[in-house]
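A.B. asks: This is the structure, below, for whatever I ask next.
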Amino acid sequence: MAVATRTFQNLIGGQWVDGSSGETFDTVSPATGELLGTFPKSTRDDVDRAVAAAREAFRSWSLMPAPRRGEILFRAAEILVERKEDLAQEMTREMGKVLAEARGDVQEAIDMVYFMAGEGRRLVGETVPAEMPDKFAMSVRMPVGVIACITPWNFPIAIPSWKIAPALIAGNTVVFKPASDTPLLALRLAEILQEAGLPDGVLNMVFGGGSDVGDAVATHPDVDVVSFTGSSWTGREITKRTADQLKKVTLELGGKNVIVVLNDANLDLAIDGIVWSAFGTTGQRCTAASRVVVEEGVYDEVVERLAERARGLTLGNGLEDSVEVGPVINDAALQKIHSYREVGEADGARLVAGGNIATGAGLEGGHFYEPTVWADVDPNARIAQEEIFGPVTAVIKARDFDHAIEIANGVDFGLSSAIFTENVNRAFVAMRDLYTGICYINAGTIGAEIQLPFGGTRDTGNGHRDAGVACLDNFTEWKSVYVDYSGTLQRAQIDHD
Ligand code: NAD
C-alpha cells in the first residue's frame, strides 16, 4: 500500500490545525529512510489550546451516559477491524516491526477498544451493607477531568489505545502526545476515534518532542492525570516536574525481563520462547527477554542452541515475508545498542552471537543490528542490569533453582518474568517468588492479554497498571456515598455499643 507523503496537523477542539510555530518534523521509515509524513512541532501555546479544548468538552462528555460513550468506542473498534491490514502495513513502514507483529499491535488496540466499550455498561462500584439501620452504602467511580496520554513509539497503536480508551469510557477528555518517531500511526487512531463520532474536544492531539511539548502537556496546571509509558528516565523526570502540583502520574517504564530455564525444562519450547522474546520486535519491547538465567545442567546446551538460532535469523524490511527481525527505531538507538558491545566486553562476558551493526544487501537504508547473545554474564554486570532496548540478551548461569530466582529478582526493574520447567511445584514457587507484575509459566516474557493488568514492580513504574479493569483506577476517583433514610441523625461508630 502506498503512503502519500503529506503534511499533517494537530487535532484541537475537533479541528485539524497547523502548529503555531510553523516548524515541522518528519517521520521516516527506519528500514529504508523513506519519508512518510511531516508533522507540526507544537509549542506551549498549542498545548494551552489543546488543554482548554479538552477542559471545555469535559462536562458534557462526562455527563453522557457511559453506555453511549461505549457505543462510540465500539464503532471505533469496528473501524479498526476494517482497517487492520492498512494500519499494519503503515505501522511496519513507520515503526519497523515485522508485519505479523504490526497486525498484532493493531489487534491489541481492537481488543482494548472493544473491552472498554463493554466497560461502558459496567464501570462497577461496590454496594456494601451499612452498619446502621435504614442506611445505604456504595462506591461509584468519578471521571477525573483532563488526561494527558504520553506514549512511546514501540507499540504505536496498542499503547495509545490502552490509555485513551479507558480514559474516555470513564468520562474524561484527553490530550494525546504521541512519540515523535511514530506520529502517523497515532494520528490514524485519532482519525478513527473522530470518525466513530467523538464530540469535538474530547480527544485532542499535539505533536512534537518530549522535552518541550511532552513537558508542556505533563506539567500543564489544567491537566489532572498524566498517563505515561516510556523510559524510566523520563518517568522520573515527569514525576519531579509535576511534584509540586501533586498531580496523579501513572508510569509504565522499562524492564530487564528474565526467562529462567531449569534442568527439567522442555528445551525445544524454551529456546523458541527465548528467541521470540529476545528478538521479537527487534528486542524493542518493554517485556523483551534481555536476561536468560539457566540452571547448570542445561547451560551449555542452551547457550549453544540460542546462539545458533540468533545467527540464523533473517534481518530486513518487515514488509517482506521472509524477514524475522526488522530495524531498530533510529540511528541514536542503533548507536546506543552498539555501545553495549564494549560494555559487555569490559564486563568480561563471552559474545556468542551478533554484536555488530548489520550491513549488507537490503539493509543499506536502515538501522539494523545483529541479534546478539552474551554468555557467562555476571548477574551484576551492566549488560545484565541495564535496559538496552535492542536485540541483545545476556545468558547467566545459575547453580540451582533458588539461585535462579535470586538472580531473576536481582535487578531494579520488575516487569515480566518467565520460567520453563516441567515441575509443577517449582512453577508455583516461581509464581509466588518472582517479583514482577507479569509472570509466565512455560512461555516467553511477551504476550500479555489486555483483559489483565499490565505493568511492573520496582523501577518499572509507580504502582499503577494499564489494561485490565485495574486501569480504570488510573482514570477515575472513587466516591463513597452514604444515603441515610432513617430520618434520624445516625453517627456510625459513635452509636456502636
Ligand atoms: P521515552 O521516555 O524517550 O519517550 C516516551 C514518550 O515521552 C514520548 O512521547 C516522548 O516524546 C515523551 N517524553 C520524553 N521526554 C519527556 C519529558 N521530559 N516530559 C514529557 N514527555 C516526554 O521512551 P521511548 O524511547 O519512546 O520508549 C522506550 C521506553 O519505553 C523503554 O524504556 C521501554 O521499556 C518503555 N516502555 C514501557 C512499557 C510499559 O508498559 N512498561 C511499554 C512500552 C515501552
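Labeling convention for the C-alpha cells: chains A, B, ... as they appear, residues from 1 per chain, ligands from 1 in order of appearance.
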Pull the closest atom pair for each residue of stretch 260-279 of chain A that gets at most 7 Å from stretch 427-450 of chain A, along with the distance in Å to one decimal, counting only C-alpha atoms, ordering rows by chain and then ascending residue number, as a tab-separated table.

C.D. replies:
residue	atom	partner	partner_atom	distance
A:Gly273	CA	A:Gly444	CA	4.5
A:Ile274	CA	A:Gly444	CA	6.1
A:Ser277	CA	A:Gly444	CA	5.6

A.B. asks: Counting only C-alpha atoms and all ligand atoms, what are the residues, protein, DNA or RNA alike, that approach ligand 1 to within 8 Å? I want them as JSON, numbers by chain.

C.D. replies: {"A": [150, 151, 152, 153, 154, 155, 159, 177, 178, 179, 180, 181, 208, 209, 210, 211, 212, 213, 214, 215, 216, 217, 218, 228, 229, 230, 231, 232, 233, 234, 235, 237, 238, 251, 252, 253, 254, 255, 284, 285, 286, 287, 387, 389, 415, 454, 455, 456, 460, 461, 466]}

A.B. asks: Fewer than 3 positions away in the same chain doesn't count, so skip those; otherwise give me all residues within 12 Å of A:Thr488, counting only C-alpha atoms, as a compact mmCIF listing (two decimals) with C-alpha atoms, in the first residue's frame.

C.D. replies:
# COMPACT_ATOMS: atom_id res chain seq x y z
CA MET A 132 -26.59 1.49 60.75
CA PRO A 133 -30.26 0.66 60.13
CA ASP A 134 -32.00 2.35 57.20
CA LYS A 135 -28.80 3.41 55.57
CA VAL A 483 -27.66 7.51 51.96
CA ASP A 484 -29.38 7.68 55.32
CA TYR A 485 -33.13 7.08 55.01
CA ARG A 491 -23.47 8.66 63.93
CA ALA A 492 -21.85 5.45 62.64

A.B. asks: What is the atom CA of A:Glu295 to atom CA of A:Gly348 distance in Å?

C.D. replies: 20.1 Å

A.B. asks: Give the answer as one residue: which of A:Gly366, A:Pro391, A:Pro166, A:Gly197 has the shortest atom-to-atom distance to A:Arg465, using only C-alpha atoms?

C.D. replies: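 Of the candidates, the smallest distance to A:Arg465 is held by A:Pro166.
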
A.B. asks: Give the helix (DSSP H, G or I) residues of stretch 210-313 of chain A, as DSSP finds them on the backbone, and put them as an mmCIF file with N, CA, C and O atoms, in the first residue's frame.

C.D. replies:
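So states15.cif came out as:
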data_model
loop_
_atom_site.group_PDB
_atom_site.id
_atom_site.type_symbol
_atom_site.label_atom_id
_atom_site.label_comp_id
_atom_site.auth_asym_id
_atom_site.auth_seq_id
_atom_site.Cartn_x
_atom_site.Cartn_y
_atom_site.Cartn_z
ATOM 1 N N GLY A 210 9.612 15.414 23.225
ATOM 2 C CA GLY A 210 9.264 15.141 24.612
ATOM 3 C C GLY A 210 9.613 16.268 25.559
ATOM 4 O O GLY A 210 8.787 16.679 26.385
ATOM 5 N N SER A 211 10.844 16.795 25.431
ATOM 6 C CA SER A 211 11.284 17.748 26.454
ATOM 7 C C SER A 211 10.557 19.079 26.335
ATOM 8 O O SER A 211 10.504 19.845 27.293
ATOM 9 N N ASP A 212 9.995 19.384 25.175
ATOM 10 C CA ASP A 212 9.223 20.633 25.084
ATOM 11 C C ASP A 212 7.712 20.358 25.120
ATOM 12 O O ASP A 212 7.043 20.702 26.094
ATOM 13 N N VAL A 213 7.185 19.700 24.093
ATOM 14 C CA VAL A 213 5.728 19.502 24.044
ATOM 15 C C VAL A 213 5.270 18.512 25.126
ATOM 16 O O VAL A 213 4.282 18.750 25.827
ATOM 17 N N GLY A 214 6.018 17.410 25.278
ATOM 18 C CA GLY A 214 5.660 16.427 26.306
ATOM 19 C C GLY A 214 5.660 17.079 27.677
ATOM 20 O O GLY A 214 4.718 16.901 28.475
ATOM 21 N N ASP A 215 6.702 17.846 27.947
ATOM 22 C CA ASP A 215 6.795 18.515 29.247
ATOM 23 C C ASP A 215 5.654 19.514 29.428
ATOM 24 O O ASP A 215 5.046 19.591 30.502
ATOM 25 N N ALA A 216 5.342 20.248 28.365
ATOM 26 C CA ALA A 216 4.260 21.249 28.473
ATOM 27 C C ALA A 216 2.926 20.571 28.773
ATOM 28 O O ALA A 216 2.118 21.088 29.557
ATOM 29 N N VAL A 217 2.690 19.417 28.175
ATOM 30 C CA VAL A 217 1.439 18.689 28.426
ATOM 31 C C VAL A 217 1.423 18.167 29.860
ATOM 32 O O VAL A 217 0.463 18.360 30.609
ATOM 33 N N ALA A 218 2.527 17.510 30.252
ATOM 34 C CA ALA A 218 2.560 16.863 31.574
ATOM 35 C C ALA A 218 2.430 17.875 32.699
ATOM 36 O O ALA A 218 1.757 17.613 33.705
ATOM 37 N N SER A 232 12.383 4.865 32.029
ATOM 38 C CA SER A 232 12.412 5.191 33.458
ATOM 39 C C SER A 232 12.960 6.598 33.665
ATOM 40 O O SER A 232 12.525 7.324 34.562
ATOM 41 N N TRP A 233 13.913 6.967 32.816
ATOM 42 C CA TRP A 233 14.499 8.318 32.941
ATOM 43 C C TRP A 233 13.388 9.364 32.797
ATOM 44 O O TRP A 233 13.258 10.277 33.606
ATOM 45 N N THR A 234 12.583 9.234 31.742
ATOM 46 C CA THR A 234 11.531 10.232 31.503
ATOM 47 C C THR A 234 10.469 10.152 32.595
ATOM 48 O O THR A 234 9.948 11.183 33.040
ATOM 49 N N GLY A 235 10.160 8.939 33.039
ATOM 50 C CA GLY A 235 9.172 8.783 34.111
ATOM 51 C C GLY A 235 9.592 9.533 35.362
ATOM 52 O O GLY A 235 8.783 10.216 36.006
ATOM 53 N N ARG A 236 10.882 9.425 35.698
ATOM 54 C CA ARG A 236 11.391 10.154 36.881
ATOM 55 C C ARG A 236 11.275 11.658 36.659
ATOM 56 O O ARG A 236 10.896 12.417 37.554
ATOM 57 N N GLU A 237 11.647 12.078 35.456
ATOM 58 C CA GLU A 237 11.634 13.499 35.118
ATOM 59 C C GLU A 237 10.210 14.063 35.263
ATOM 60 O O GLU A 237 10.016 15.112 35.875
ATOM 61 N N ILE A 238 9.241 13.351 34.729
ATOM 62 C CA ILE A 238 7.841 13.826 34.811
ATOM 63 C C ILE A 238 7.404 13.873 36.274
ATOM 64 O O ILE A 238 6.740 14.820 36.708
ATOM 65 N N THR A 239 7.798 12.853 37.037
ATOM 66 C CA THR A 239 7.428 12.831 38.461
ATOM 67 C C THR A 239 7.973 14.069 39.177
ATOM 68 O O THR A 239 7.254 14.734 39.933
ATOM 69 N N LYS A 240 9.251 14.377 38.910
ATOM 70 C CA LYS A 240 9.854 15.550 39.573
ATOM 71 C C LYS A 240 9.172 16.832 39.120
ATOM 72 O O LYS A 240 8.870 17.704 39.927
ATOM 73 N N ARG A 241 8.939 16.936 37.818
ATOM 74 C CA ARG A 241 8.413 18.183 37.257
ATOM 75 C C ARG A 241 6.966 18.447 37.674
ATOM 76 O O ARG A 241 6.497 19.584 37.579
ATOM 77 N N THR A 242 6.252 17.395 38.088
ATOM 78 C CA THR A 242 4.840 17.586 38.466
ATOM 79 C C THR A 242 4.622 17.464 39.974
ATOM 80 O O THR A 242 3.489 17.554 40.443
ATOM 81 N N ALA A 243 5.723 17.286 40.715
ATOM 82 C CA ALA A 243 5.581 17.003 42.155
ATOM 83 C C ALA A 243 4.865 18.130 42.887
ATOM 84 O O ALA A 243 3.980 17.878 43.721
ATOM 85 N N ASP A 244 5.204 19.365 42.573
ATOM 86 C CA ASP A 244 4.583 20.483 43.290
ATOM 87 C C ASP A 244 3.091 20.575 43.042
ATOM 88 O O ASP A 244 2.355 21.140 43.839
ATOM 89 N N GLN A 245 2.661 20.021 41.914
ATOM 90 C CA GLN A 245 1.220 20.070 41.603
ATOM 91 C C GLN A 245 0.467 18.904 42.253
ATOM 92 O O GLN A 245 -0.748 18.820 42.133
ATOM 93 N N LEU A 267 13.356 -28.155 26.438
ATOM 94 C CA LEU A 267 14.316 -27.193 25.862
ATOM 95 C C LEU A 267 13.909 -26.684 24.490
ATOM 96 O O LEU A 267 14.191 -25.537 24.148
ATOM 97 N N ASP A 268 13.236 -27.506 23.699
ATOM 98 C CA ASP A 268 12.783 -27.008 22.389
ATOM 99 C C ASP A 268 11.853 -25.811 22.587
ATOM 100 O O ASP A 268 11.977 -24.779 21.931
ATOM 101 N N LEU A 269 10.927 -26.000 23.521
ATOM 102 C CA LEU A 269 9.963 -24.928 23.812
ATOM 103 C C LEU A 269 10.686 -23.704 24.394
ATOM 104 O O LEU A 269 10.410 -22.555 24.022
ATOM 105 N N ALA A 270 11.607 -23.956 25.315
ATOM 106 C CA ALA A 270 12.318 -22.850 25.966
ATOM 107 C C ALA A 270 13.114 -22.029 24.947
ATOM 108 O O ALA A 270 13.079 -20.794 24.962
ATOM 109 N N ILE A 271 13.805 -22.708 24.042
ATOM 110 C CA ILE A 271 14.606 -21.976 23.046
ATOM 111 C C ILE A 271 13.684 -21.153 22.149
ATOM 112 O O ILE A 271 13.955 -19.973 21.876
ATOM 113 N N ASP A 272 12.570 -21.745 21.723
ATOM 114 C CA ASP A 272 11.601 -20.970 20.927
ATOM 115 C C ASP A 272 11.139 -19.732 21.702
ATOM 116 O O ASP A 272 11.043 -18.637 21.143
ATOM 117 N N GLY A 273 10.839 -19.928 22.965
ATOM 118 C CA GLY A 273 10.353 -18.821 23.807
ATOM 119 C C GLY A 273 11.403 -17.728 23.961
ATOM 120 O O GLY A 273 11.090 -16.538 23.926
ATOM 121 N N ILE A 274 12.649 -18.133 24.121
ATOM 122 C CA ILE A 274 13.717 -17.136 24.297
ATOM 123 C C ILE A 274 13.923 -16.356 22.997
ATOM 124 O O ILE A 274 14.034 -15.122 23.006
ATOM 125 N N VAL A 275 13.985 -17.074 21.881
ATOM 126 C CA VAL A 275 14.235 -16.396 20.594
ATOM 127 C C VAL A 275 13.124 -15.383 20.322
ATOM 128 O O VAL A 275 13.378 -14.225 19.968
ATOM 129 N N TRP A 276 11.887 -15.808 20.539
ATOM 130 C CA TRP A 276 10.744 -14.919 20.291
ATOM 131 C C TRP A 276 10.781 -13.723 21.239
ATOM 132 O O TRP A 276 10.590 -12.573 20.835
ATOM 133 N N SER A 277 11.077 -13.956 22.507
ATOM 134 C CA SER A 277 11.007 -12.879 23.498
ATOM 135 C C SER A 277 12.215 -11.945 23.429
ATOM 136 O O SER A 277 12.103 -10.760 23.750
ATOM 137 N N ALA A 278 13.371 -12.475 23.030
ATOM 138 C CA ALA A 278 14.564 -11.621 22.990
ATOM 139 C C ALA A 278 14.657 -10.837 21.690
ATOM 140 O O ALA A 278 15.122 -9.689 21.678
ATOM 141 N N PHE A 279 14.213 -11.445 20.583
ATOM 142 C CA PHE A 279 14.458 -10.817 19.279
ATOM 143 C C PHE A 279 13.191 -10.369 18.565
ATOM 144 O O PHE A 279 13.257 -9.668 17.561
ATOM 145 N N GLY A 280 12.004 -10.792 19.049
ATOM 146 C CA GLY A 280 10.756 -10.264 18.502
ATOM 147 C C GLY A 280 10.731 -8.759 18.705
ATOM 148 O O GLY A 280 11.288 -8.242 19.698
ATOM 149 N N THR A 281 10.135 -8.034 17.751
ATOM 150 C CA THR A 281 10.126 -6.565 17.782
ATOM 151 C C THR A 281 11.555 -6.023 17.935
ATOM 152 O O THR A 281 11.782 -4.960 18.511
ATOM 153 N N THR A 282 12.518 -6.820 17.417
ATOM 154 C CA THR A 282 13.936 -6.423 17.459
ATOM 155 C C THR A 282 14.368 -6.092 18.891
ATOM 156 O O THR A 282 15.214 -5.216 19.118
ATOM 157 N N GLY A 283 13.771 -6.781 19.849
ATOM 158 C CA GLY A 283 14.133 -6.562 21.251
ATOM 159 C C GLY A 283 13.621 -5.248 21.814
ATOM 160 O O GLY A 283 13.931 -4.882 22.945
ATOM 161 N N GLU A 296 22.551 -24.942 35.773
ATOM 162 C CA GLU A 296 23.838 -25.508 35.338
ATOM 163 C C GLU A 296 23.748 -26.688 34.362
ATOM 164 O O GLU A 296 24.435 -26.716 33.343
ATOM 165 N N GLY A 297 22.839 -27.634 34.664
ATOM 166 C CA GLY A 297 22.790 -28.885 33.919
ATOM 167 C C GLY A 297 22.500 -28.720 32.432
ATOM 168 O O GLY A 297 22.876 -29.570 31.623
ATOM 169 N N VAL A 298 21.785 -27.636 32.048
ATOM 170 C CA VAL A 298 21.444 -27.453 30.627
ATOM 171 C C VAL A 298 22.082 -26.179 30.058
ATOM 172 O O VAL A 298 21.782 -25.783 28.933
ATOM 173 N N TYR A 299 22.960 -25.571 30.850
ATOM 174 C CA TYR A 299 23.507 -24.261 30.466
ATOM 175 C C TYR A 299 24.219 -24.294 29.110
ATOM 176 O O TYR A 299 23.897 -23.503 28.205
ATOM 177 N N ASP A 300 25.161 -25.219 28.956
ATOM 178 C CA ASP A 300 25.948 -25.234 27.710
ATOM 179 C C ASP A 300 25.054 -25.455 26.493
ATOM 180 O O ASP A 300 25.226 -24.804 25.461
ATOM 181 N N GLU A 301 24.096 -26.357 26.661
ATOM 182 C CA GLU A 301 23.215 -26.646 25.526
ATOM 183 C C GLU A 301 22.362 -25.424 25.160
ATOM 184 O O GLU A 301 22.200 -25.093 23.982
ATOM 185 N N VAL A 302 21.837 -24.738 26.184
ATOM 186 C CA VAL A 302 21.005 -23.556 25.899
ATOM 187 C C VAL A 302 21.838 -22.483 25.200
ATOM 188 O O VAL A 302 21.412 -21.899 24.193
ATOM 189 N N VAL A 303 23.044 -22.233 25.699
ATOM 190 C CA VAL A 303 23.891 -21.198 25.077
ATOM 191 C C VAL A 303 24.155 -21.537 23.616
ATOM 192 O O VAL A 303 23.980 -20.697 22.715
ATOM 193 N N GLU A 304 24.526 -22.777 23.388
ATOM 194 C CA GLU A 304 24.874 -23.176 22.021
ATOM 195 C C GLU A 304 23.675 -23.072 21.077
ATOM 196 O O GLU A 304 23.763 -22.504 19.981
ATOM 197 N N ARG A 305 22.540 -23.593 21.522
ATOM 198 C CA ARG A 305 21.358 -23.592 20.638
ATOM 199 C C ARG A 305 20.825 -22.176 20.424
ATOM 200 O O ARG A 305 20.386 -21.820 19.329
ATOM 201 N N LEU A 306 20.869 -21.367 21.465
ATOM 202 C CA LEU A 306 20.380 -19.994 21.342
ATOM 203 C C LEU A 306 21.258 -19.196 20.379
ATOM 204 O O LEU A 306 20.761 -18.456 19.510
ATOM 205 N N ALA A 307 22.573 -19.355 20.514
ATOM 206 C CA ALA A 307 23.498 -18.627 19.632
ATOM 207 C C ALA A 307 23.256 -19.009 18.174
ATOM 208 O O ALA A 307 23.217 -18.153 17.287
ATOM 209 N N GLU A 308 23.066 -20.307 17.975
ATOM 210 C CA GLU A 308 22.847 -20.782 16.599
ATOM 211 C C GLU A 308 21.555 -20.190 16.020
ATOM 212 O O GLU A 308 21.524 -19.720 14.881
ATOM 213 N N ARG A 309 20.516 -20.200 16.822
ATOM 214 C CA ARG A 309 19.236 -19.645 16.343
ATOM 215 C C ARG A 309 19.371 -18.145 16.070
ATOM 216 O O ARG A 309 18.835 -17.627 15.080
ATOM 217 N N ALA A 310 20.075 -17.436 16.942
ATOM 218 C CA ALA A 310 20.222 -15.981 16.768
ATOM 219 C C ALA A 310 20.963 -15.684 15.464
ATOM 220 O O ALA A 310 20.583 -14.790 14.699
ATOM 221 N N ARG A 311 22.003 -16.456 15.207
ATOM 222 C CA ARG A 311 22.794 -16.240 13.986
ATOM 223 C C ARG A 311 21.972 -16.520 12.729
ATOM 224 O O ARG A 311 22.235 -15.960 11.674
#

A.B. asks: Name the residues of stretch 337-486 of chain A that come out as strand (DSSP E or B) in a backbone DSSP run; write them as a VMD selection string.

C.D. replies: chain A and resid 350 to 353 357 369 372 to 375 392 to 398 413 to 414 416 to 420 438 to 441 454 457 to 458 461 466 476 to 484

A.B. asks: Please provide as a PyMOL selection string all residues within 12 Å of A:Glu342, with the sequence filter that same-chain residues fewer than 4 positions apart are discarded (counting only C-alpha atoms).

C.D. replies: chain A and resi 335-338+346-351+355-356+374+382-383
